[in-house]
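*Asks:* Encoded as structure tokens, here's the structure I'll be asking about.
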4 protein chains.
Amino acid sequence: MDLTVSPFGVGLSVSEYIAVCHEIIEREGLESRLHAFGTNIEGEWDAVFRVVKECHEKLHEMGVPRITSSIKVGTRIDRDQSMDDKITSVQSKLD
Amino acid sequence: MDLTVSPFGVGLSVSEYIAVCHEIIEREGLESRLHAFGTNIEGEWDAVFRVVKECHEKLHEMGVPRITSSIKVGTRIDRDQSMDDKITSVQSKLD
Amino acid sequence: MDLTVSPFGVGLSVSEYIAVCHEIIEREGLESRLHAFGTNIEGEWDAVFRVVKECHEKLHEMGVPRITSSIKVGTRIDRDQSMDDKITSVQSKLD
Amino acid sequence: MDLTVSPFGVGLSVSEYIAVCHEIIEREGLESRLHAFGTNIEGEWDAVFRVVKECHEKLHEMGVPRITSSIKVGTRIDRDQSMDDKITSVQSKLD
């Protein structure tokens, strides 16, 4: 999953809220990697989506009135493929 | 929620698969509206996300090897706002 | 194209800004359709992307300090397909 | 910008095409970073969008019949902020 959480109504600096979501990901025991527009998360369907729900709930509790999340989620049944595999696969074509 | 389901490995025409997901939305009893790049869905968190999971499961059962979904999900605690409210709000500014 | 413009730092109500972008689309002479999470826009590559740039420029001029846009853009060389064709194609499978 | 290019009609393995887009980014002289669901790109508006257009054109030339790109683009006028600044800002809240 690639998750981008956008809190509205709390000003311009949103990194505090992203950090809270990151802690929820960690607590769930999922592997993740932060990038400049979101966070890659690796795990089973229910676990990764539980994280998104908890993140919305927690941010609303903290007083964020409005949240929009943008999510990309990929599943495949032909073979296993980790986040690292996807990156390595592109990089091998670049060399 | 705005949901865009992209099946890979089944050729160029994907409308058959989008229609299957649409039936899952209907069966769940959720209000939805199709647009040219996805489907707006209105409902409680667990219900709309159950639809996304069932759609991935069903498409894999139908033989789609790889699926990526792009999801926008919005929650707000300051007031109720339906899909129609959002559109009406913009349109009232245009008049 | 499907375009979702998110202005940050101007409070919770963003419909005013979406309406401004809508006027830019109209002025460019492009066909468009508003939905609850964005706007479908049909046209040539340079025209639709000019709209996105003008929308960011105009909103910054109006005092919006930070803007994130989420864009889906589709091109195909196998055949012509309008926004309406995409929707009709799914609906014909539902009947 | 965060750019995710999805080629349709060429089977399941798309890393070859992502690598081609990556070369276009490099040739344009833009800083970029690959992640598991796309590529972060830093630069001026016209330069980063030129890359997206060239990538679509090049992939169609290579025979890809249908392409959908998902783009997030952020602009702000209150202060300078690099891709690294965004990540560092979240990480400082985690420590």
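Naming works like this for the structure tokens: A, B, ... for the chains as they're shown, residue 1 at the start of each chain, ligands 1 onward in shown order.
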Only residues of chain C matter here; which ones have an atom within 7 Å of chain A, counting only C-alpha atoms? Give them as JSON, numbers by chain.
*Replies:* {"C": [8, 9, 11, 12]}
*Asks:* Skip C:Asp46 itself and residues of its chain fewer than 6 positions away, then list as an MDAnalysis selection string all residues within 10 Å of it, counting only C-alpha atoms.
*Replies:* chainID D and resid 49:50 53
*Asks:* Can those selected residues be exported to a file as a PDB file, in the first residue's frame so that it contains C-alpha atoms?
*Replies:*
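What landed in result25.pdb:
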ATOM      1  CA  PHE D  49       5.412  17.876 -16.498  1.00  0.00           C
ATOM      2  CA  ARG D  50       7.551  17.676 -19.657  1.00  0.00           C
ATOM      3  CA  LYS D  53       4.483  13.859 -21.411  1.00  0.00           C
TER       4      LYS D  53
END
*Asks:* Based on DSSP run over this structure's backbone, return all residues of chain C in helix (DSSP H, G or I), as a PyMOL selection string.
*Replies:* chain C and resi 15-27+45-61+83-94
*Asks:* Near A:Asp84, counting only C-alpha atoms, which residues have an atom at most 10 Å away, once you skip same-chain residues fewer than 2 positions from it, shown as a ChimeraX atom specification?
*Replies:* /A:42,81-82,86-89 /D:35-36
*Asks:* Emit the selected residues as an mmCIF file, in the first residue's frame, including all heavy atoms.
*Replies:*
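Writing done, so here's again24.cif:
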data_model
loop_
_atom_site.group_PDB
_atom_site.id
_atom_site.type_symbol
_atom_site.label_atom_id
_atom_site.label_comp_id
_atom_site.auth_asym_id
_atom_site.auth_seq_id
_atom_site.Cartn_x
_atom_site.Cartn_y
_atom_site.Cartn_z
ATOM 1 N N GLU A 42 3.846 -2.482 3.830
ATOM 2 C CA GLU A 42 3.768 -3.858 3.337
ATOM 3 C C GLU A 42 3.067 -4.728 4.373
ATOM 4 O O GLU A 42 3.402 -4.668 5.555
ATOM 5 C CB GLU A 42 5.200 -4.363 3.095
ATOM 6 C CG GLU A 42 5.285 -5.700 2.405
ATOM 7 C CD GLU A 42 6.729 -5.989 1.967
ATOM 8 O OE1 GLU A 42 7.235 -5.286 1.074
ATOM 9 O OE2 GLU A 42 7.356 -6.883 2.557
ATOM 10 N N GLN A 81 5.734 -10.676 -4.197
ATOM 11 C CA GLN A 81 6.589 -9.556 -4.579
ATOM 12 C C GLN A 81 6.568 -8.523 -3.445
ATOM 13 O O GLN A 81 5.516 -7.968 -3.122
ATOM 14 C CB GLN A 81 6.076 -8.928 -5.883
ATOM 15 C CG GLN A 81 6.996 -7.833 -6.418
ATOM 16 C CD GLN A 81 6.379 -7.078 -7.581
ATOM 17 O OE1 GLN A 81 5.215 -6.717 -7.535
ATOM 18 N NE2 GLN A 81 7.172 -6.811 -8.605
ATOM 19 N N SER A 82 7.720 -8.296 -2.860
ATOM 20 C CA SER A 82 7.814 -7.324 -1.763
ATOM 21 C C SER A 82 8.006 -5.916 -2.319
ATOM 22 O O SER A 82 8.214 -5.737 -3.516
ATOM 23 C CB SER A 82 8.987 -7.682 -0.861
ATOM 24 O OG SER A 82 10.202 -7.433 -1.550
ATOM 25 N N LYS A 86 9.975 -4.761 -5.997
ATOM 26 C CA LYS A 86 9.486 -3.854 -7.036
ATOM 27 C C LYS A 86 10.561 -2.831 -7.419
ATOM 28 O O LYS A 86 10.774 -2.552 -8.594
ATOM 29 C CB LYS A 86 8.222 -3.118 -6.547
ATOM 30 C CG LYS A 86 7.013 -4.026 -6.373
ATOM 31 C CD LYS A 86 5.786 -3.272 -5.845
ATOM 32 C CE LYS A 86 5.110 -2.472 -6.931
ATOM 33 N NZ LYS A 86 3.817 -1.885 -6.474
ATOM 34 N N ILE A 87 11.229 -2.295 -6.410
ATOM 35 C CA ILE A 87 12.268 -1.297 -6.666
ATOM 36 C C ILE A 87 13.471 -1.945 -7.356
ATOM 37 O O ILE A 87 14.008 -1.419 -8.334
ATOM 38 C CB ILE A 87 12.679 -0.606 -5.343
ATOM 39 C CG1 ILE A 87 11.476 0.206 -4.808
ATOM 40 C CG2 ILE A 87 13.895 0.281 -5.537
ATOM 41 C CD1 ILE A 87 11.674 0.764 -3.416
ATOM 42 N N THR A 88 13.873 -3.117 -6.853
ATOM 43 C CA THR A 88 15.018 -3.828 -7.429
ATOM 44 C C THR A 88 14.764 -4.179 -8.895
ATOM 45 O O THR A 88 15.667 -4.101 -9.733
ATOM 46 C CB THR A 88 15.286 -5.127 -6.634
ATOM 47 O OG1 THR A 88 15.407 -4.783 -5.250
ATOM 48 C CG2 THR A 88 16.562 -5.808 -7.103
ATOM 49 N N SER A 89 13.527 -4.540 -9.191
ATOM 50 C CA SER A 89 13.175 -4.925 -10.553
ATOM 51 C C SER A 89 13.383 -3.769 -11.538
ATOM 52 O O SER A 89 13.889 -3.970 -12.647
ATOM 53 C CB SER A 89 11.709 -5.386 -10.568
ATOM 54 O OG SER A 89 11.301 -5.712 -11.867
ATOM 55 N N HIS D 35 10.241 4.767 -5.399
ATOM 56 C CA HIS D 35 9.728 3.985 -4.271
ATOM 57 C C HIS D 35 8.860 2.859 -4.831
ATOM 58 O O HIS D 35 8.787 2.691 -6.062
ATOM 59 C CB HIS D 35 9.005 4.869 -3.251
ATOM 60 C CG HIS D 35 7.812 5.605 -3.768
ATOM 61 N ND1 HIS D 35 6.564 5.035 -3.809
ATOM 62 C CD2 HIS D 35 7.663 6.853 -4.272
ATOM 63 C CE1 HIS D 35 5.700 5.920 -4.301
ATOM 64 N NE2 HIS D 35 6.338 7.034 -4.596
ATOM 65 N N ALA D 36 8.229 2.092 -3.962
ATOM 66 C CA ALA D 36 7.561 0.867 -4.422
ATOM 67 C C ALA D 36 6.292 1.134 -5.229
ATOM 68 O O ALA D 36 5.790 0.247 -5.915
ATOM 69 C CB ALA D 36 7.245 -0.042 -3.230
#
*Asks:* Could you pull the residues within 9 Å of C:Cys55, counting only C-alpha atoms, minus those fewer than 6 positions along the same chain, as JSON, numbers by chain?
*Replies:* {"C": [5, 17, 18, 20, 21, 22, 24, 25]}
*Asks:* Restricting it to C-alpha atoms, dump the selection as a short mmCIF file (atom, residue, chain, number, x, y, z; two decimals), in the first residue's frame.
*Replies:*
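In the end it all went to out.cif:
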data_model
loop_
_atom_site.label_atom_id
_atom_site.label_comp_id
_atom_site.auth_asym_id
_atom_site.auth_seq_id
_atom_site.Cartn_x
_atom_site.Cartn_y
_atom_site.Cartn_z
CA VAL C 5 -7.16 20.12 -6.27
CA TYR C 17 -11.34 27.35 -4.99
CA ILE C 18 -12.67 24.36 -6.92
CA VAL C 20 -12.27 28.99 -9.69
CA CYS C 21 -10.51 26.02 -11.29
CA HIS C 22 -13.77 25.06 -12.96
CA ILE C 24 -10.44 28.05 -15.90
CA ILE C 25 -11.47 24.74 -17.47
#
*Asks:* In Å, how far is it from atom CA of D:Arg79 to atom CA of C:Glu57?
*Replies:*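 That distance, rounded to one decimal, is 15.6 Å.
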*Asks:* Between atom CA of A:Asp80 and atom CA of C:Lys72, what is the distance, to one decimal in Å?
*Replies:*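 These two atoms are separated by 27.3 Å.
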*Asks:* For atom CA of B:Thr39 and atom CA of B:Glu23, determine how far apart the two atoms are, in Å to one decimal place.
*Replies:*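 Going from atom CA of B:Thr39 over to atom CA of B:Glu23 covers 12.0 Å.
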*Asks:* Considering only C-alpha atoms, can you say which of B:Leu59, B:Met83, B:Ile71, B:Val90 comes closest to A:Met1?
*Replies:* B:Ile71
*Asks:* Which of chain D end up as strand (DSSP E or B) when DSSP is run on this backbone - answer as a PyMOL selection string?
*Replies:* chain D and resi 2-8+31-35+38-42+66-76
*Asks:* Export N, CA and C atoms of the chosen residues as a PDB file, in the first residue's frame?
*Replies:*
ATOM      1  N   ASP D   2       4.879  13.310  -7.375  1.00  0.00           N
ATOM      2  CA  ASP D   2       4.972  11.858  -7.251  1.00  0.00           C
ATOM      3  C   ASP D   2       4.280  11.274  -8.483  1.00  0.00           C
ATOM      4  N   LEU D   3       5.011  10.473  -9.238  1.00  0.00           N
ATOM      5  CA  LEU D   3       4.514   9.963 -10.519  1.00  0.00           C
ATOM      6  C   LEU D   3       4.433   8.438 -10.514  1.00  0.00           C
ATOM      7  N   THR D   4       3.259   7.911 -10.865  1.00  0.00           N
ATOM      8  CA  THR D   4       3.055   6.477 -11.012  1.00  0.00           C
ATOM      9  C   THR D   4       2.519   6.214 -12.411  1.00  0.00           C
ATOM     10  N   VAL D   5       3.300   5.554 -13.224  1.00  0.00           N
ATOM     11  CA  VAL D   5       2.908   5.272 -14.612  1.00  0.00           C
ATOM     12  C   VAL D   5       2.427   3.827 -14.713  1.00  0.00           C
ATOM     13  N   SER D   6       1.220   3.614 -15.237  1.00  0.00           N
ATOM     14  CA  SER D   6       0.659   2.269 -15.385  1.00  0.00           C
ATOM     15  C   SER D   6       0.401   1.946 -16.847  1.00  0.00           C
ATOM     16  N   PRO D   7       1.264   1.093 -17.446  1.00  0.00           N
ATOM     17  CA  PRO D   7       1.043   0.682 -18.833  1.00  0.00           C
ATOM     18  C   PRO D   7       0.074  -0.507 -18.880  1.00  0.00           C
ATOM     19  N   PHE D   8      -0.915  -0.438 -19.764  1.00  0.00           N
ATOM     20  CA  PHE D   8      -1.885  -1.533 -19.923  1.00  0.00           C
ATOM     21  C   PHE D   8      -1.682  -2.209 -21.278  1.00  0.00           C
ATOM     22  N   GLU D  31      16.153  15.759  -9.986  1.00  0.00           N
ATOM     23  CA  GLU D  31      16.405  14.832  -8.889  1.00  0.00           C
ATOM     24  C   GLU D  31      15.168  13.965  -8.694  1.00  0.00           C
ATOM     25  N   SER D  32      15.375  12.691  -8.471  1.00  0.00           N
ATOM     26  CA  SER D  32      14.223  11.802  -8.293  1.00  0.00           C
ATOM     27  C   SER D  32      14.572  10.672  -7.343  1.00  0.00           C
ATOM     28  N   ARG D  33      13.538  10.056  -6.818  1.00  0.00           N
ATOM     29  CA  ARG D  33      13.746   8.903  -5.949  1.00  0.00           C
ATOM     30  C   ARG D  33      12.620   7.903  -6.180  1.00  0.00           C
ATOM     31  N   LEU D  34      13.007   6.709  -6.511  1.00  0.00           N
ATOM     32  CA  LEU D  34      12.083   5.617  -6.785  1.00  0.00           C
ATOM     33  C   LEU D  34      11.545   5.048  -5.476  1.00  0.00           C
ATOM     34  N   HIS D  35      10.241   4.767  -5.399  1.00  0.00           N
ATOM     35  CA  HIS D  35       9.728   3.985  -4.271  1.00  0.00           C
ATOM     36  C   HIS D  35       8.860   2.859  -4.831  1.00  0.00           C
ATOM     37  N   GLY D  38       5.902   4.319  -7.084  1.00  0.00           N
ATOM     38  CA  GLY D  38       6.062   5.459  -7.969  1.00  0.00           C
ATOM     39  C   GLY D  38       7.425   6.090  -7.801  1.00  0.00           C
ATOM     40  N   THR D  39       7.535   7.328  -8.266  1.00  0.00           N
ATOM     41  CA  THR D  39       8.805   8.042  -8.232  1.00  0.00           C
ATOM     42  C   THR D  39       8.577   9.481  -7.777  1.00  0.00           C
ATOM     43  N   ASN D  40       9.278   9.895  -6.743  1.00  0.00           N
ATOM     44  CA  ASN D  40       9.277  11.313  -6.341  1.00  0.00           C
ATOM     45  C   ASN D  40      10.203  12.076  -7.287  1.00  0.00           C
ATOM     46  N   ILE D  41       9.730  13.203  -7.801  1.00  0.00           N
ATOM     47  CA  ILE D  41      10.545  14.029  -8.700  1.00  0.00           C
ATOM     48  C   ILE D  41      10.510  15.464  -8.204  1.00  0.00           C
ATOM     49  N   GLU D  42      11.673  16.106  -8.200  1.00  0.00           N
ATOM     50  CA  GLU D  42      11.758  17.484  -7.710  1.00  0.00           C
ATOM     51  C   GLU D  42      12.182  18.400  -8.857  1.00  0.00           C
ATOM     52  N   ARG D  66      -2.038   1.576 -24.086  1.00  0.00           N
ATOM     53  CA  ARG D  66      -2.841   2.371 -23.149  1.00  0.00           C
ATOM     54  C   ARG D  66      -2.044   2.630 -21.875  1.00  0.00           C
ATOM     55  N   ILE D  67      -2.030   3.879 -21.456  1.00  0.00           N
ATOM     56  CA  ILE D  67      -1.257   4.271 -20.268  1.00  0.00           C
ATOM     57  C   ILE D  67      -2.138   5.135 -19.374  1.00  0.00           C
ATOM     58  N   THR D  68      -2.118   4.852 -18.094  1.00  0.00           N
ATOM     59  CA  THR D  68      -2.724   5.757 -17.115  1.00  0.00           C
ATOM     60  C   THR D  68      -1.644   6.172 -16.137  1.00  0.00           C
ATOM     61  N   SER D  69      -1.485   7.462 -15.941  1.00  0.00           N
ATOM     62  CA  SER D  69      -0.543   7.926 -14.923  1.00  0.00           C
ATOM     63  C   SER D  69      -1.304   8.559 -13.786  1.00  0.00           C
ATOM     64  N   SER D  70      -0.802   8.290 -12.601  1.00  0.00           N
ATOM     65  CA  SER D  70      -1.354   8.909 -11.403  1.00  0.00           C
ATOM     66  C   SER D  70      -0.283   9.845 -10.864  1.00  0.00           C
ATOM     67  N   ILE D  71      -0.655  11.102 -10.693  1.00  0.00           N
ATOM     68  CA  ILE D  71       0.302  12.157 -10.364  1.00  0.00           C
ATOM     69  C   ILE D  71      -0.158  12.904  -9.123  1.00  0.00           C
ATOM     70  N   LYS D  72       0.745  13.110  -8.179  1.00  0.00           N
ATOM     71  CA  LYS D  72       0.495  14.083  -7.118  1.00  0.00           C
ATOM     72  C   LYS D  72       1.498  15.213  -7.322  1.00  0.00           C
ATOM     73  N   VAL D  73       1.013  16.444  -7.320  1.00  0.00           N
ATOM     74  CA  VAL D  73       1.935  17.561  -7.505  1.00  0.00           C
ATOM     75  C   VAL D  73       1.655  18.614  -6.447  1.00  0.00           C
ATOM     76  N   GLY D  74       2.710  19.052  -5.786  1.00  0.00           N
ATOM     77  CA  GLY D  74       2.562  20.019  -4.704  1.00  0.00           C
ATOM     78  C   GLY D  74       3.336  21.295  -4.987  1.00  0.00           C
ATOM     79  N   THR D  75       2.677  22.432  -4.749  1.00  0.00           N
ATOM     80  CA  THR D  75       3.349  23.735  -4.852  1.00  0.00           C
ATOM     81  C   THR D  75       3.027  24.523  -3.586  1.00  0.00           C
ATOM     82  N   ARG D  76       3.987  25.337  -3.148  1.00  0.00           N
ATOM     83  CA  ARG D  76       3.719  26.207  -1.997  1.00  0.00           C
ATOM     84  C   ARG D  76       4.489  27.506  -2.163  1.00  0.00           C
TER      85      ARG D  76
END
